[in-house]
file start15.txt (compact mmCIF, C-alpha atoms)
# COMPACT_ATOMS: atom_id res chain seq x y z
CA MET R 1 30.75 54.66 -129.91
CA LYS R 2 31.02 54.36 -133.66
CA LEU R 3 29.45 56.08 -136.65
CA ILE R 4 27.36 54.06 -139.12
CA LYS R 5 24.86 54.81 -141.87
CA THR R 6 21.28 54.82 -140.67
CA GLU R 7 20.25 52.20 -143.26
CA ASP R 8 22.82 49.84 -141.69
CA ALA R 9 21.77 50.48 -138.07
CA VAL R 10 19.21 47.69 -137.62
CA GLY R 11 20.11 45.71 -134.49
CA HIS R 12 22.48 48.37 -133.13
CA VAL R 13 22.00 50.26 -129.86
CA ILE R 14 21.44 54.02 -130.11
CA CYS R 15 23.81 55.76 -127.69
CA HIS R 16 21.94 59.07 -127.31
CA ASP R 17 18.37 60.35 -127.43
CA ILE R 18 17.08 61.26 -130.89
CA THR R 19 14.97 64.43 -130.77
CA GLN R 20 12.11 65.38 -133.03
CA ILE R 21 11.12 69.05 -133.32
CA ILE R 22 7.80 70.06 -134.89
CA LYS R 23 7.26 73.81 -134.58
CA GLY R 24 4.42 74.62 -132.23
CA VAL R 25 3.72 70.94 -131.57
CA THR R 26 6.54 69.07 -129.91
CA LYS R 27 10.21 68.93 -129.01
CA ASP R 28 10.90 65.54 -127.51
CA ALA R 29 12.85 62.34 -127.95
CA ILE R 30 11.32 59.89 -130.42
CA PHE R 31 14.01 57.31 -129.59
CA ARG R 32 15.75 57.03 -126.25
CA LYS R 33 19.33 56.06 -125.53
CA GLY R 34 19.57 52.28 -125.44
CA HIS R 35 16.89 51.75 -128.08
CA ILE R 36 17.67 48.87 -130.44
CA VAL R 37 17.04 50.02 -133.98
CA ARG R 38 14.35 48.10 -135.90
CA GLU R 39 13.66 48.01 -139.63
CA GLU R 40 10.55 50.19 -139.23
CA ASP R 41 12.60 52.83 -137.37
CA ILE R 42 14.74 53.65 -140.39
CA PRO R 43 12.18 55.89 -142.22
CA VAL R 44 11.45 57.74 -138.96
CA LEU R 45 15.13 58.37 -138.32
CA LEU R 46 15.63 59.62 -141.85
CA SER R 47 12.60 61.94 -141.50
CA VAL R 48 14.31 63.78 -138.63
CA GLY R 49 17.49 64.25 -140.64
CA LYS R 50 19.53 61.33 -139.28
CA GLU R 51 21.44 60.05 -142.29
CA ASN R 52 24.06 58.66 -139.92
CA LEU R 53 23.92 57.40 -136.34
CA TYR R 54 26.24 56.97 -133.43
CA VAL R 55 25.81 53.51 -131.95
CA TRP R 56 27.22 52.43 -128.66
CA GLU R 57 30.73 51.02 -128.49
CA LYS R 58 32.25 51.38 -125.03
CA GLN R 59 35.76 52.83 -124.94
CA GLU R 60 38.08 52.71 -121.95
CA GLY R 61 38.48 56.09 -120.27
CA MET R 62 35.45 57.65 -121.98
CA LEU R 63 32.09 58.47 -120.40
CA HIS R 64 28.70 58.62 -122.06
CA GLU R 65 26.77 61.91 -121.85
CA ASP R 66 24.36 60.44 -119.28
CA GLU R 67 27.21 59.34 -117.02
CA ALA R 68 28.84 62.75 -117.32
CA ALA R 69 25.57 64.57 -116.61
CA GLU R 70 25.28 62.56 -113.40
CA ILE R 71 28.72 63.76 -112.32
CA LEU R 72 27.71 67.36 -112.97
CA ARG R 73 24.54 66.73 -110.99
CA GLN R 74 26.63 65.55 -108.04
CA ILE R 75 28.80 68.66 -108.31
CA CYS R 76 25.75 70.93 -108.16
CA GLN R 77 23.14 69.33 -105.92
CA GLY R 78 22.92 70.65 -102.39
CA GLU R 79 20.23 70.37 -99.74
CA HIS R 80 16.51 70.89 -100.39
CA MET R 81 16.54 69.95 -104.08
CA HIS R 82 16.17 66.83 -106.19
CA PRO R 83 17.19 65.83 -109.72
CA SER R 84 15.02 65.03 -112.71
CA GLY R 85 15.65 61.94 -114.73
CA VAL R 86 18.24 62.01 -117.50
CA LYS R 87 16.69 63.23 -120.74
CA GLU R 88 18.65 63.92 -123.90
CA GLY R 89 21.83 63.86 -121.80
CA LYS R 90 20.50 66.56 -119.45
CA ILE R 91 19.66 66.53 -115.74
CA GLU R 92 17.72 69.34 -114.08
CA LEU R 93 17.57 70.23 -110.38
CA ILE R 94 14.21 71.04 -108.80
CA ALA R 95 13.53 72.93 -105.55
CA ASP R 96 12.04 70.90 -102.68
CA CYS R 97 11.01 73.96 -100.66
CA ASP R 98 10.59 77.73 -100.78
CA GLY R 99 13.75 79.64 -99.96
CA VAL R 100 16.70 81.57 -101.36
CA LEU R 101 19.00 79.98 -103.93
CA LYS R 102 22.71 80.30 -103.17
CA VAL R 103 25.17 79.76 -106.01
CA ASP R 104 28.93 79.29 -105.75
CA THR R 105 29.55 81.45 -108.80
CA GLU R 106 33.32 81.04 -108.70
CA GLY R 107 33.02 77.25 -108.81
CA LEU R 108 30.35 77.47 -111.50
CA TYR R 109 32.57 79.62 -113.70
CA LYS R 110 35.53 77.26 -113.26
CA VAL R 111 33.54 74.21 -114.32
CA ASN R 112 32.03 75.92 -117.37
CA ALA R 113 35.47 77.24 -118.35
CA LEU R 114 36.75 73.67 -118.79
CA GLY R 115 34.79 73.35 -122.03
CA GLU R 116 32.68 70.48 -123.40
CA MET R 117 30.39 70.72 -120.36
CA MET R 118 27.88 73.19 -118.99
CA ILE R 119 25.96 74.08 -115.87
CA ALA R 120 23.21 76.69 -116.28
CA SER R 121 21.64 77.98 -113.06
CA ARG R 122 19.26 80.68 -111.97
CA HIS R 123 20.64 83.83 -110.36
CA GLY R 124 21.83 83.30 -106.82
CA ASN R 125 20.45 85.21 -103.80
CA PHE R 126 16.96 85.29 -105.29
CA PRO R 127 13.84 83.58 -103.92
CA VAL R 128 12.69 80.27 -105.40
CA LYS R 129 9.55 78.26 -104.81
CA LYS R 130 9.05 74.56 -104.31
CA GLY R 131 8.86 72.76 -107.64
CA GLU R 132 10.75 75.39 -109.64
CA LYS R 133 13.75 74.54 -111.82
CA LEU R 134 17.09 75.65 -110.38
CA ALA R 135 19.68 74.43 -112.88
CA GLY R 136 20.41 72.14 -115.80
CA THR R 137 23.58 70.15 -116.52
CA ARG R 138 24.94 68.32 -119.52
CA ILE R 139 28.06 67.80 -121.59
CA ILE R 140 28.26 69.15 -125.14
CA PRO R 141 29.57 66.07 -127.02
CA LEU R 142 28.08 62.58 -126.73
CA VAL R 143 31.11 61.23 -124.92
CA ILE R 144 33.83 62.87 -122.85
CA GLU R 145 37.12 61.89 -121.26
CA GLU R 146 36.75 60.54 -117.73
CA GLU R 147 39.78 62.61 -116.70
CA LYS R 148 38.02 65.79 -117.73
CA MET R 149 35.08 65.02 -115.47
CA LYS R 150 37.50 64.35 -112.61
CA LYS R 151 38.95 67.79 -113.26
CA ALA R 152 35.45 69.27 -113.06
CA LYS R 153 34.97 67.78 -109.60
CA GLU R 154 38.34 69.10 -108.54
CA VAL R 155 37.78 72.73 -109.62
CA ALA R 156 34.25 72.79 -108.20
CA GLY R 157 35.50 72.02 -104.70
CA GLU R 158 34.07 69.79 -102.01
CA LYS R 159 30.80 71.66 -101.36
CA PRO R 160 27.87 71.57 -103.79
CA LEU R 161 27.66 74.57 -106.10
CA LEU R 162 23.98 75.10 -105.28
CA GLN R 163 22.15 75.37 -101.97
CA ILE R 164 18.69 76.45 -100.92
CA ARG R 165 18.36 78.30 -97.64
CA PRO R 166 14.78 77.72 -96.43
CA TYR R 167 12.83 80.52 -94.82
CA LEU R 168 12.66 80.67 -91.03
CA HIS R 169 9.57 81.69 -89.10
CA LYS R 170 10.12 85.33 -88.15
CA LYS R 171 8.21 87.59 -85.77
CA ALA R 172 8.37 91.17 -86.98
CA GLY R 173 7.76 94.51 -85.33
CA ILE R 174 6.93 97.58 -87.43
CA VAL R 175 7.75 101.13 -86.35
CA THR R 176 6.02 103.73 -88.51
CA THR R 177 7.63 107.17 -88.22
CA GLY R 178 6.54 110.65 -89.22
CA SER R 179 4.70 113.44 -87.42
CA GLU R 180 2.26 113.72 -90.32
CA VAL R 181 1.10 110.14 -89.67
CA TYR R 182 1.37 110.33 -85.87
CA ASN R 183 -0.82 113.44 -85.78
CA HIS R 184 -3.33 111.93 -88.27
CA ARG R 185 -2.69 114.60 -90.88
CA ILE R 186 -2.35 111.88 -93.51
CA GLU R 187 -3.25 108.19 -93.73
CA ASP R 188 -0.54 105.61 -93.06
CA THR R 189 -0.08 104.01 -96.49
CA PHE R 190 3.41 102.67 -95.75
CA THR R 191 2.59 100.00 -93.15
CA PRO R 192 0.07 98.11 -95.36
CA VAL R 193 2.72 97.75 -98.07
CA ILE R 194 5.17 96.23 -95.59
CA GLU R 195 2.53 93.93 -94.11
CA GLU R 196 1.63 92.67 -97.58
CA LYS R 197 5.24 91.80 -98.35
CA LEU R 198 5.67 90.05 -95.00
CA VAL R 199 2.53 87.96 -95.50
CA GLU R 200 4.01 86.72 -98.80
CA TYR R 201 6.81 85.06 -96.80
CA GLY R 202 4.71 83.91 -93.85
CA VAL R 203 6.14 86.45 -91.39
CA GLU R 204 4.12 87.05 -88.23
CA VAL R 205 3.65 90.74 -87.33
CA MET R 206 3.82 90.85 -83.53
CA GLY R 207 3.55 94.58 -82.99
CA HIS R 208 3.12 97.94 -84.65
CA LYS R 209 3.95 101.35 -83.22
CA VAL R 210 3.45 104.80 -84.74
CA CYS R 211 5.93 107.53 -83.72
CA ASN R 212 6.50 111.17 -84.51
CA ASP R 213 9.93 112.40 -85.60
CA ASN R 214 11.35 112.46 -82.07
CA HIS R 215 14.27 110.06 -82.19
CA PHE R 216 13.92 109.22 -78.48
CA MET R 217 10.36 108.06 -79.12
CA ILE R 218 11.44 105.92 -82.08
CA THR R 219 14.26 104.35 -80.08
CA GLU R 220 11.88 103.44 -77.25
CA ALA R 221 9.44 101.91 -79.72
CA ILE R 222 12.21 99.71 -81.16
CA LYS R 223 13.34 98.61 -77.69
CA ASP R 224 9.77 97.84 -76.63
CA LEU R 225 9.14 95.60 -79.65
CA LEU R 226 12.46 93.81 -79.09
CA SER R 227 11.53 93.20 -75.45
CA LYS R 228 8.27 91.58 -76.59
CA GLY R 229 10.12 88.95 -78.62
CA CYS R 230 10.27 90.43 -82.11
CA ASP R 231 13.23 88.99 -84.01
CA MET R 232 13.08 91.54 -86.84
CA ILE R 233 12.30 95.27 -86.71
CA LEU R 234 11.23 97.35 -89.71
CA CYS R 235 11.25 101.14 -89.39
CA THR R 236 9.39 102.99 -92.13
CA GLY R 237 10.24 106.52 -93.22
CA GLY R 238 12.51 109.22 -91.85
CA MET R 239 15.53 107.94 -93.77
CA SER R 240 16.55 110.97 -95.84
CA VAL R 241 18.86 113.88 -94.95
CA ASP R 242 16.03 116.25 -93.95
CA PRO R 243 16.42 117.71 -90.43
CA ASP R 244 13.25 115.95 -89.25
CA ASP R 245 14.38 112.52 -90.50
CA ARG R 246 15.92 110.97 -87.38
CA THR R 247 15.24 107.26 -87.90
CA PRO R 248 18.90 106.29 -88.53
CA LEU R 249 19.93 107.95 -85.25
CA ALA R 250 17.08 106.24 -83.42
CA ILE R 251 18.09 102.81 -84.75
CA LYS R 252 21.69 103.35 -83.70
CA ASN R 253 20.65 104.52 -80.22
CA ALA R 254 18.59 101.35 -79.74
CA GLY R 255 21.86 99.50 -79.20
CA THR R 256 22.31 98.15 -82.71
CA ASP R 257 25.42 97.76 -84.80
CA VAL R 258 24.86 99.51 -88.14
CA VAL R 259 26.09 97.45 -91.08
CA THR R 260 25.37 100.11 -93.67
CA TYR R 261 23.40 103.28 -94.18
CA GLY R 262 23.06 103.46 -97.95
CA ALA R 263 22.95 100.83 -100.69
CA PRO R 264 23.92 100.99 -104.41
CA VAL R 265 20.37 100.16 -105.50
CA LEU R 266 17.69 102.32 -107.12
CA PRO R 267 15.06 102.54 -105.79
CA GLY R 268 16.40 102.21 -102.25
CA ALA R 269 19.66 104.13 -101.90
CA MET R 270 18.79 105.37 -98.38
CA PHE R 271 18.28 101.86 -96.97
CA LEU R 272 19.77 101.08 -93.54
CA LEU R 273 20.64 97.66 -92.13
CA ALA R 274 21.68 97.08 -88.53
CA TYR R 275 21.74 94.14 -86.12
CA TYR R 276 20.73 94.00 -82.48
CA GLN R 277 22.79 91.56 -80.40
CA GLY R 278 24.48 90.38 -83.59
CA ASN R 279 21.59 88.46 -85.15
CA ILE R 280 18.32 90.44 -84.93
CA PRO R 281 17.97 92.60 -88.05
CA VAL R 282 16.72 96.18 -87.69
CA MET R 283 16.03 97.88 -91.01
CA GLY R 284 15.32 101.47 -91.94
CA LEU R 285 13.15 101.56 -95.07
CA PRO R 286 13.14 104.68 -97.27
CA GLY R 287 9.94 106.05 -98.73
CA CYS R 288 10.48 104.41 -102.12
CA VAL R 289 9.54 101.05 -100.55
CA MET R 290 6.01 102.41 -100.15
CA TYR R 291 5.88 103.80 -103.69
CA SER R 292 7.77 101.41 -105.99
CA LYS R 293 6.78 97.80 -106.63
CA ARG R 294 10.36 96.50 -106.34
CA THR R 295 13.17 98.08 -104.33
CA VAL R 296 16.25 97.18 -102.33
CA PHE R 297 13.90 95.76 -99.69
CA ASP R 298 12.86 92.98 -102.09
CA LEU R 299 16.51 92.03 -102.57
CA ILE R 300 17.33 91.98 -98.87
CA LEU R 301 14.17 90.65 -97.20
CA PRO R 302 14.28 87.06 -98.57
CA ARG R 303 17.90 86.64 -97.47
CA ILE R 304 17.15 88.03 -94.02
CA LEU R 305 14.28 85.57 -93.66
CA THR R 306 16.62 82.61 -94.15
CA GLY R 307 18.70 83.73 -91.17
CA GLU R 308 21.61 84.93 -93.31
CA ILE R 309 23.68 87.57 -91.50
CA LEU R 310 24.53 90.14 -94.14
CA LYS R 311 27.75 92.12 -94.19
CA LYS R 312 28.47 95.44 -95.85
CA GLU R 313 30.20 93.72 -98.77
CA ASP R 314 26.99 91.75 -99.43
CA LEU R 315 25.25 95.05 -100.14
CA ASP R 316 28.21 96.67 -101.89
CA VAL R 317 28.00 94.15 -104.76
CA LEU R 318 24.35 94.97 -105.44
CA GLY R 319 25.31 97.85 -107.69
CA GLU R 320 25.67 95.76 -110.86
CA GLY R 321 22.08 95.08 -111.85
CA GLY R 322 20.80 97.25 -109.01
CA LEU R 323 18.83 99.63 -111.23
CA CYS R 324 15.14 98.73 -111.51
CA LEU R 325 13.70 99.64 -114.90
CA ASN R 326 10.11 99.79 -113.62
CA CYS R 327 8.90 97.41 -116.31
CA PRO R 328 5.12 97.52 -116.97
CA VAL R 329 4.97 93.83 -116.07
CA CYS R 330 7.43 93.04 -113.28
CA THR R 331 9.09 89.65 -113.68
CA PHE R 332 11.13 89.79 -110.48
CA PRO R 333 13.09 87.62 -109.65
CA ASN R 334 13.70 86.60 -113.28
CA CYS R 335 14.51 90.09 -114.56
CA GLY R 336 17.80 91.93 -114.73
CA PHE R 337 17.12 93.67 -111.40
CA GLY R 338 19.76 92.08 -109.23
CA LYS R 339 21.49 90.25 -112.07
CA GLY R 340 24.12 87.81 -110.88
CA ARG R 341 23.24 87.95 -107.20
call {"tool": "encode", "arguments": {"input": "start15.txt", "output": "structure tokens"}}
result
Amino acid sequence: MKLIKTEDAVGHVICHDITQIIKGVTKDAIFRKGHIVREEDIPVLLSVGKENLYVWEKQEGMLHEDEAAEILRQICQGEHMHPSGVKEGKIELIADCDGVLKVDTEGLYKVNALGEMMIASRHGNFPVKKGEKLAGTRIIPLVIEEEKMKKAKEVAGEKPLLQIRPYLHKKAGIVTTGSEVYNHRIEDTFTPVIEEKLVEYGVEVMGHKVCNDNHFMITEAIKDLLSKGCDMILCTGGMSVDPDDRTPLAIKNAGTDVVTYGAPVLPGAMFLLAYYQGNIPVMGLPGCVMYSKRTVFDLILPRILTGEILKKEDLDVLGEGGLCLNCPVCTFPNCGFGKGR
């Protein structure tokens, strides 16, 4: 690559895309990499502020921005995603299916720390939909040392930095607790909220039981739904420290292993996660799930539906960004709620 005056560029090959920006109208390349400059191109190039041009002159040991972007694409791209074409030295990754995006943040940080290159991704552990952008890659200069790109592959590790875990078909059972609902003193407004969220992810509701606050009754309801083939149980209510709130005890007595009772997320601090036989999630949902649009349940449910087995440390790290601001227009999962997860 060499630098020449634009007036002297006729017959030379442009080595990078030339972008034109017209406010409110366009931001796109008017000349693509590889374009051979013609006499009539000179006024156009000057009109976009290009007094000088880089034209292609291959140097040993150096890579063009498109070649380098392809290496970054290889570093990032995992299953269930595809790349865009190279445009202005940038490649984007697009989701091939609905699921949860997983990001190797440590590897991502190491690559970006090398300098002269960048990978920008969406937050990991959040749901994505087919066709959505996941990440973009490019180098900062027009050319870069081949050795530096080798170093990027080395620090990133052998596995792709990005993966999508697709949703699995789940059959859910719902256990609604509370004497006030069981005795028809009030309407059950909790179950419809849960059913609406499950429908969003294509979950089949196989059974629904309403119990009073007797923990033996709740335990039997959980066991009955498990025996009927439910592979996920959601227990609503009875999760606080009041003497009548016995749902956590009932879940434990159903033969589950409790991962955590409590999460550093607001709304949702009284959330409980347990597993039956090691892989069937049983969740205790606090009352805020019924009231608030977004809660800890919205952070956990998508990951559960991919078959991910969560550990206590997976919930412990939810504290940073775990405060919902109850924005008038919720932009979950693009907001700060759950930042970095």
call {"tool": "residues_around", "arguments": {"input": "start15.txt", "residues": "Ile304 of chain R", "least_positions_apart": "5", "cutoff": "9 Å", "atoms": "all atoms listed in the file", "output": "ChimeraX atom specification"}}
result
/R:167,232,281,309-310
call {"tool": "residues_around", "arguments": {"input": "start15.txt", "residues": "segment 28-43 of chain R", "least_positions_apart": "6", "cutoff": "10 Å", "atoms": "all atoms listed in the file", "output": "list in words"}}
result
Thr6, Glu7, Asp8, Ala9, Val10, Gly11, His12, Val13, Ile14, Cys15, His16, Asp17, Ile18, Thr19, Gln20, Ile21, Ile22, Lys50, Glu51, Val55, Trp56, Asp66, Lys87, Glu88 and Gly89 of chain R
call {"tool": "closest_residue", "arguments": {"input": "start15.txt", "among": "R:Pro83, R:Gly255, R:Gly207, R:Gly61", "to": "Ile144 of chain R", "atoms": "only C-alpha atoms"}}
result
R:Gly61
call {"tool": "residues_around", "arguments": {"input": "start15.txt", "residues": "Arg165 of chain R", "least_positions_apart": "6", "cutoff": "6 Å", "atoms": "all atoms listed in the file", "output": "PyMOL selection string"}}
result
chain R and resi 99-100+306
call {"tool": "atom_distance", "arguments": {"input": "start15.txt", "atom1": "atom CA of Gly124 of chain R", "atom2": "atom CA of Leu198 of chain R"}}
result
21.1 Å
call {"tool": "residues_near_point", "arguments": {"input": "start15.txt", "point": "(19.5, 90.8, -82.3)", "cutoff": "9 Å", "atoms": "only C-alpha atoms", "output": "number ranges by chain"}}
result
R: 226, 231-232, 256, 275-282
call {"tool": "write_last_selection", "arguments": {"input": "start15.txt", "atoms": "C-alpha atoms", "output": "mmCIF file, in the coordinates of the input"}}
result
data_model
loop_
_atom_site.group_PDB
_atom_site.id
_atom_site.type_symbol
_atom_site.label_atom_id
_atom_site.label_comp_id
_atom_site.auth_asym_id
_atom_site.auth_seq_id
_atom_site.Cartn_x
_atom_site.Cartn_y
_atom_site.Cartn_z
ATOM 1 C CA LEU R 226 12.460 93.810 -79.090
ATOM 2 C CA ASP R 231 13.230 88.990 -84.010
ATOM 3 C CA MET R 232 13.080 91.540 -86.840
ATOM 4 C CA THR R 256 22.310 98.150 -82.710
ATOM 5 C CA TYR R 275 21.740 94.140 -86.120
ATOM 6 C CA TYR R 276 20.730 94.000 -82.480
ATOM 7 C CA GLN R 277 22.790 91.560 -80.400
ATOM 8 C CA GLY R 278 24.480 90.380 -83.590
ATOM 9 C CA ASN R 279 21.590 88.460 -85.150
ATOM 10 C CA ILE R 280 18.320 90.440 -84.930
ATOM 11 C CA PRO R 281 17.970 92.600 -88.050
ATOM 12 C CA VAL R 282 16.720 96.180 -87.690
#
call {"tool": "residues_around", "arguments": {"input": "start15.txt", "residues": "Ile71 of chain R", "least_positions_apart": "4", "cutoff": "9 Å", "atoms": "all atoms listed in the file", "output": "PyMOL selection string"}}
result
chain R and resi 66-67+75-76+149-150+152-153
call {"tool": "write_last_selection", "arguments": {"input": "start15.txt", "atoms": "C-alpha atoms", "output": "mmCIF file, in the frame of the given file"}}
result
data_model
loop_
_atom_site.group_PDB
_atom_site.id
_atom_site.type_symbol
_atom_site.label_atom_id
_atom_site.label_comp_id
_atom_site.auth_asym_id
_atom_site.auth_seq_id
_atom_site.Cartn_x
_atom_site.Cartn_y
_atom_site.Cartn_z
ATOM 1 C CA ASP R 66 24.360 60.440 -119.280
ATOM 2 C CA GLU R 67 27.210 59.340 -117.020
ATOM 3 C CA ILE R 75 28.800 68.660 -108.310
ATOM 4 C CA CYS R 76 25.750 70.930 -108.160
ATOM 5 C CA MET R 149 35.080 65.020 -115.470
ATOM 6 C CA LYS R 150 37.500 64.350 -112.610
ATOM 7 C CA ALA R 152 35.450 69.270 -113.060
ATOM 8 C CA LYS R 153 34.970 67.780 -109.600
#
call {"tool": "closest_residue", "arguments": {"input": "start15.txt", "among": "R:Ser227, R:Asn253, R:Thr176, R:Thr189", "to": "Lys209 of chain R", "atoms": "all atoms listed in the file"}}
result
R:Thr176
call {"tool": "residues_around", "arguments": {"input": "start15.txt", "residues": "Leu168 of chain R", "least_positions_apart": "6", "cutoff": "9 Å", "atoms": "all atoms listed in the file", "output": "list in words"}}
result
Val203, Leu305, Thr306 and Gly307 of chain R
call {"tool": "decode", "arguments": {"input": "start15.txt", "residues": "segment 76-84 of chain R", "atoms": "all heavy atoms", "output": "short mmCIF file (atom, residue, chain, number, x, y, z; two decimals), in the first residue's frame"}}
result
data_model
loop_
_atom_site.label_atom_id
_atom_site.label_comp_id
_atom_site.auth_asym_id
_atom_site.auth_seq_id
_atom_site.Cartn_x
_atom_site.Cartn_y
_atom_site.Cartn_z
N CYS R 76 -14.38 -15.59 16.09
CA CYS R 76 -15.66 -15.37 16.78
C CYS R 76 -16.72 -16.41 16.45
O CYS R 76 -17.48 -16.82 17.33
CB CYS R 76 -16.21 -14.00 16.41
SG CYS R 76 -15.29 -12.63 17.11
N GLN R 77 -16.83 -16.82 15.20
CA GLN R 77 -18.03 -17.51 14.73
C GLN R 77 -18.16 -18.92 15.27
O GLN R 77 -17.34 -19.78 15.02
CB GLN R 77 -18.06 -17.55 13.20
CG GLN R 77 -19.35 -18.14 12.65
CD GLN R 77 -19.39 -18.16 11.14
OE1 GLN R 77 -18.59 -17.51 10.47
NE2 GLN R 77 -20.31 -18.92 10.58
N GLY R 78 -19.24 -19.13 16.03
CA GLY R 78 -19.58 -20.46 16.51
C GLY R 78 -20.78 -21.01 15.75
O GLY R 78 -21.11 -20.55 14.65
N GLU R 79 -21.44 -21.98 16.34
CA GLU R 79 -22.58 -22.61 15.69
C GLU R 79 -23.79 -21.69 15.66
O GLU R 79 -23.94 -20.80 16.49
CB GLU R 79 -22.95 -23.90 16.42
CG GLU R 79 -21.92 -25.00 16.30
CD GLU R 79 -22.39 -26.29 16.93
OE1 GLU R 79 -22.83 -26.25 18.10
OE2 GLU R 79 -22.33 -27.33 16.26
N HIS R 80 -24.66 -21.93 14.68
CA HIS R 80 -25.96 -21.25 14.56
C HIS R 80 -25.82 -19.77 14.26
O HIS R 80 -26.62 -18.95 14.74
CB HIS R 80 -26.80 -21.48 15.81
CG HIS R 80 -26.92 -22.91 16.23
ND1 HIS R 80 -27.54 -23.86 15.44
CD2 HIS R 80 -26.47 -23.56 17.33
CE1 HIS R 80 -27.49 -25.03 16.05
NE2 HIS R 80 -26.83 -24.87 17.19
N MET R 81 -24.82 -19.40 13.48
CA MET R 81 -24.67 -18.02 13.03
C MET R 81 -23.93 -18.01 11.70
O MET R 81 -23.26 -18.97 11.34
CB MET R 81 -23.93 -17.18 14.08
CG MET R 81 -22.53 -17.63 14.40
SD MET R 81 -21.78 -16.73 15.81
CE MET R 81 -22.68 -17.44 17.19
N HIS R 82 -24.08 -16.93 10.95
CA HIS R 82 -23.39 -16.81 9.67
C HIS R 82 -22.86 -15.39 9.52
O HIS R 82 -23.36 -14.45 10.14
CB HIS R 82 -24.32 -17.16 8.50
CG HIS R 82 -25.41 -16.14 8.27
ND1 HIS R 82 -26.62 -16.19 8.94
CD2 HIS R 82 -25.46 -15.05 7.46
CE1 HIS R 82 -27.37 -15.18 8.54
NE2 HIS R 82 -26.69 -14.47 7.66
N PRO R 83 -21.82 -15.23 8.66
CA PRO R 83 -21.23 -13.90 8.50
C PRO R 83 -21.88 -13.11 7.37
O PRO R 83 -22.43 -13.68 6.42
CB PRO R 83 -19.77 -14.23 8.15
CG PRO R 83 -19.86 -15.52 7.40
CD PRO R 83 -21.02 -16.28 8.01
N SER R 84 -21.80 -11.80 7.47
CA SER R 84 -22.15 -10.93 6.36
C SER R 84 -20.97 -10.91 5.39
O SER R 84 -19.92 -11.48 5.66
CB SER R 84 -22.43 -9.52 6.87
OG SER R 84 -21.22 -8.93 7.35
#
